[in-house]
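Trainee: Following this message is one structure expressed as structure tokens.
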Amino acid sequence: MSAVLLHGLLAAACVTVGCTRDLEVGGELGDACTPSDEQPCAAGLVCEPRNGGEDPFVCAGPVELRGMVIDALDETPIAGARILALDDTGAPISDVAISDAAGNYALPISIARDADGNPATALTLTLSGSAKDYKIYPSGLQPAFPVSTAAVMPVEDDPDDDTDDHLQVIENASTTVGLLPLDDADQGGFTVMGRVAGEGDDTGGTLVVAEGGRNVYTVADRSGAFTLFNVEAGSTTVRGYRGGLQLVPESLEVNADVSGVVLELAGDALASVSGSVNIVNAPGGSETSVVLIPTALFNPVFEFGPVPFGLRAPEPGVAPNVSSAWTIAEVPEGSYYVIASLENDLLVRDPDTSIAGTEILQITVAAGEDLELQDSFKVTEALGVVSPGRDGPEEVSGTPVFVFDDDSSEDRYEVVVHDALGNEIWRDDQVPGVSGSSTVSVDYGGPALTPGMYYRFVATSWKDGNPAPSALSRTEDLRGVFVSR
């Protein structure tokens, strides 16, 4: 039934029985709308931001991401998992969908539309997923696979359901989320639920951390709501990290599931952190990025961790462009590790820790402080990964062969393999240098790999000098990732 016909019938009813206020009838497809109205759009339509034009919002057909949440190792469905969609800057564009008993979920997302209500441009999204007894997705070596809105398709119309006339869905292999089970020692614990106070646009995407014990974390959805799984019993402090947001931490004694936690806005001023990078011996790359990682979430094995929204130079969504001086503004107080060249930019932090500017730096940031780091970070050209995992996680069956670019001045190489849980699986620190070849090939010599598990190999070139050997370069942090099949 159209909105016009509905309005006519209701108007006739008003004439018969009388009405006490004006009727509110939502707009049709392509009509301008106001999200705060009680009924901005007709049934089956949503009020979405418009890309260009005089009217900032337009009535449009809803778009949903549909998929499954499964155990990455045995592919069984996971019920009760929470799924969130993020745009290419890491900002949430949805609230949370919860998977059903079969592991299925349907997640409405908000994306910009054209004047007719259709998706304005093709965007690349990622998903975040979490569940009891599983690692958060993505994390560590397990990246989030890109989801393109160009894959949107109309659903088959149900004649008995007026609300699906304009519904469009994205459902493909990239909307299946595989969660890695935690080690047995890290499973169990309790669930902590709450929200970040303030306006949703300013609080969505906050990295929320339960510090103490296992130091688990999650990402707040578009409304600022969050759920932390696997929180260890005992004392914990819940903190929120987001660029431009200063929050009051909440101390808890956890001996059961907790709900109603509110991270209130603090009145303290935000800080800034600045410094410089020194890029040397890097004909393959000349620009990088710098990020802040909360100390509680820094992984010393992988030498990285989750980056809160906004705590990056350059700003989120901008390609790496740091070649010397950098500044990260609106930093909340806290303890952080400062990491240069975390992203795939053909560069790595210089692994030679015997020279200045190569150590991983930990800082404490006070409210309102303008913290200027005195030592510059030394960054150098990375050893290029050929396979597996050059451009993203790569499926591998049988015995892997690790192939990477030769370093012209090395005496030997070291190759180390870790799984996604941070366990070292295999190491060979006496791989001979090569001559006459542009690449190095190393056969894996460790124990059998677990199907479905994510692994990463890291190759480091070494010069055996006197009095001590020195590392020259290594492969990038986010390359060399593979999945055993």
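By convention in this document, the chains of the structure tokens carry letters A, B, ... by their order, each chain's residues are numbered from 1, and ligands are numbered from 1 in the order they are shown.
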Hey, what's within 10 Å of Leu123 of chain A if we count only C-alpha atoms and toss same-chain stuff fewer than 4 positions away? As a VMD selection string, please?
Mentor: chain A and resid 87 to 88 111 to 112 119 146 to 151
Trainee: For the residues selected in the previous step, produce a file with N, CA and C atoms as a CSV table (one decimal), in the first residue's frame.
Mentor:
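What landed in part_33.csv:
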chain,number,residue,atom,x,y,z
A,87,ASP,N,33.7,1.3,8.3
A,87,ASP,CA,34.1,1.8,6.9
A,87,ASP,C,35.6,1.8,6.8
A,88,ASP,N,36.1,2.4,5.7
A,88,ASP,CA,37.5,2.3,5.4
A,88,ASP,C,38.4,3.1,6.3
A,111,ILE,N,24.9,3.7,4.6
A,111,ILE,CA,25.8,4.2,3.7
A,111,ILE,C,25.2,5.3,2.9
A,112,ALA,N,26.1,6.2,2.3
A,112,ALA,CA,25.6,7.4,1.6
A,112,ALA,C,24.9,6.9,0.3
A,119,PRO,N,22.8,3.3,-3.5
A,119,PRO,CA,24.2,3.5,-3.0
A,119,PRO,C,25.0,4.4,-3.9
A,146,PRO,N,38.0,-7.6,3.1
A,146,PRO,CA,37.2,-6.5,2.6
A,146,PRO,C,35.9,-6.9,2.1
A,147,VAL,N,34.9,-6.1,2.3
A,147,VAL,CA,33.5,-6.3,1.8
A,147,VAL,C,33.2,-5.1,0.9
A,148,SER,N,32.8,-5.3,-0.3
A,148,SER,CA,32.5,-4.2,-1.2
A,148,SER,C,31.0,-4.0,-1.3
A,149,THR,N,30.6,-2.8,-1.2
A,149,THR,CA,29.2,-2.5,-1.4
A,149,THR,C,28.8,-2.6,-2.9
A,150,ALA,N,29.8,-2.7,-3.8
A,150,ALA,CA,29.4,-2.9,-5.2
A,150,ALA,C,28.7,-4.3,-5.4
A,151,ALA,N,28.9,-5.2,-4.4
A,151,ALA,CA,28.2,-6.5,-4.5
A,151,ALA,C,26.8,-6.6,-4.0
Trainee: Could the residues of segment 258-286 of chain A that have an atom at most 10 Å from segment 375-390 of chain A be listed as a tab-separated table, each with its closest atom pair and the distance in Å to one decimal, counting only C-alpha atoms and ordered by chain and ascending residue number?
Mentor:
residue	atom	partner	partner_atom	distance
A:Gly275	CA	A:Ser376	CA	6.4
A:Ser276	CA	A:Ser376	CA	4.8
A:Val277	CA	A:Phe377	CA	4.5
A:Asn278	CA	A:Lys378	CA	4.8
A:Ile279	CA	A:Val379	CA	4.7
A:Val280	CA	A:Thr380	CA	5.1
A:Asn281	CA	A:Thr380	CA	5.7
A:Ala282	CA	A:Glu381	CA	4.2
A:Pro283	CA	A:Glu381	CA	7.1
A:Gly284	CA	A:Glu381	CA	6.5
A:Gly285	CA	A:Glu381	CA	6.7
A:Ser286	CA	A:Glu381	CA	8.8
Trainee: Using only C-alpha atoms, which residue out of A:Val46, A:Leu125, A:Ile293, A:Val273 lies closest to Asp164 of chain A?
Mentor: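 Closest candidate: A:Val46.
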Trainee: Do you have the atom CA of Gly188 of chain A-atom CA of Thr227 of chain A distance handy?
Mentor: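 Computing it gives 15.0 Å between the two atoms.
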Trainee: Just the residues within 8 Å of Glu253 of chain A, please, counting only C-alpha atoms, with nothing from its chain fewer than 5 positions along; format it as a short mmCIF file (atom, residue, chain, number, x, y, z; two decimals) with C-alpha atoms, in the first residue's frame.
Mentor:
data_model
loop_
_atom_site.label_atom_id
_atom_site.label_comp_id
_atom_site.auth_asym_id
_atom_site.auth_seq_id
_atom_site.Cartn_x
_atom_site.Cartn_y
_atom_site.Cartn_z
CA ALA A 233 37.24 -12.72 37.37
CA GLY A 234 38.61 -10.17 39.79
CA SER A 235 39.54 -6.51 39.61
CA THR A 236 39.45 -4.90 36.17
#
Trainee: Give me, as a list in words, all polymer residues having an atom no more than 12 Å from segment 367-370 of chain A, counting only C-alpha atoms and skipping those fewer than 5 positions away in the same chain.
Mentor: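 Answer for this query is Gly244, Leu245, Gln246, Leu247, Val248, Ala266, Gly267, Asp268, Ala269, Leu270, Ala271, Ser272, Val273, Ser274, Gly275, Thr327, Ile328, Ala329, Glu330, Val331, Pro332, Glu333, Gly334 and Ser335 of chain A.
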Trainee: List the neighbours of Ala97 of chain A out to 12 Å using only C-alpha atoms; skip same-chain residues closer than 2 positions along the sequence, and give me the result as a PyMOL selection string.
Mentor: chain A and resi 64-69+79-85+94-95+99-100+103-109+127-131+221-222
Trainee: Record the distance separating atom CA of Pro316 of chain A and atom CA of Phe145 of chain A, expressed in Å with one decimal.
Mentor: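 Spanning atom CA of Pro316 of chain A to atom CA of Phe145 of chain A is a straight-line distance of 18.0 Å.
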Trainee: Pick out the residues sitting within 8 Å of Ser437 of chain A, and hand them over as a PyMOL selection string; count only C-alpha atoms, and ignore anything fewer than 3 positions along from it in its own chain.
Mentor: chain A and resi 406+434+440
Trainee: Could you write out that same residue set with N, CA and C atoms as a PDB file, in the first residue's frame?
Mentor:
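What follows is the written file again.pdb:
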ATOM      1  N   ASP A 406      65.824 -11.266  -1.819  1.00  0.00           N
ATOM      2  CA  ASP A 406      67.178 -11.331  -1.278  1.00  0.00           C
ATOM      3  C   ASP A 406      67.649  -9.949  -0.849  1.00  0.00           C
ATOM      4  N   VAL A 434      72.166 -16.085  -0.193  1.00  0.00           N
ATOM      5  CA  VAL A 434      72.140 -16.596  -1.559  1.00  0.00           C
ATOM      6  C   VAL A 434      72.961 -15.681  -2.458  1.00  0.00           C
ATOM      7  N   VAL A 440      64.901 -15.681  -2.079  1.00  0.00           N
ATOM      8  CA  VAL A 440      65.328 -16.747  -1.181  1.00  0.00           C
ATOM      9  C   VAL A 440      64.141 -17.665  -0.942  1.00  0.00           C
TER      10      VAL A 440
END
Trainee: Write out as a ChimeraX atom specification all residues of segment 208-299 of chain A that backbone DSSP assigns to strand (DSSP E or B).
Mentor: /A:208-211,216-219,225-231,234-242,245,247,250-254,258-263,265,271-280,288,290-294,299
Trainee: May I have the residues within 9 Å of segment 415-428 of chain A as a PyMOL selection string, using only C-alpha atoms and disregarding those fewer than 5 positions away in the same chain?
Mentor: chain A and resi 135+139-142+180+182-183+299+301-302+402+442+444-447+449+453-460
Trainee: Using only C-alpha atoms, which of A:Val155, A:Ala210, A:Ala144, A:Val261 sits nearest Ala197 of chain A?
Mentor: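 When distances to Ala197 of chain A are compared using only C-alpha atoms, the smallest one comes from A:Val261.
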Trainee: In terms of the shortest atom-to-atom distance over only C-alpha atoms, which of A:Glu28, A:Asp71, A:Asp411, A:Glu303 is closest to Ile136 of chain A?
Mentor: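 Closest candidate: A:Asp71.
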Trainee: So how far away is atom CA of Ala468 of chain A from atom CA of Ser435 of chain A, in Å?
Mentor: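 Between atom CA of Ser435 of chain A and atom CA of Ala468 of chain A the gap works out to 23.3 Å.
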Trainee: Taking the chain letters and numbering used in this document, name the residues of segment 54-294 of chain A that DSSP puts in alpha helix (DSSP H), as an MDAnalysis selection string.
Mentor: chainID A and resid 200:203
Trainee: I'd like a table as CSV: residues in segment 230-278 of chain A with an atom no more than 9 Å from segment 199-209 of chain A, each row giving the shortest atom pair and its distance in Å to one decimal, only C-alpha atoms counted, sorted by chain and rising residue number.
Mentor:
residue,atom,partner,partner_atom,distance
A:Thr237,CA,A:Val209,CA,7.9
A:Val238,CA,A:Val209,CA,5.5
A:Arg239,CA,A:Val209,CA,5.3
A:Gly240,CA,A:Val208,CA,4.5
A:Tyr241,CA,A:Leu207,CA,5.1
A:Arg242,CA,A:Thr206,CA,5.0
A:Gly243,CA,A:Thr206,CA,8.4
A:Gly244,CA,A:Asp202,CA,8.1
A:Leu245,CA,A:Thr203,CA,7.6
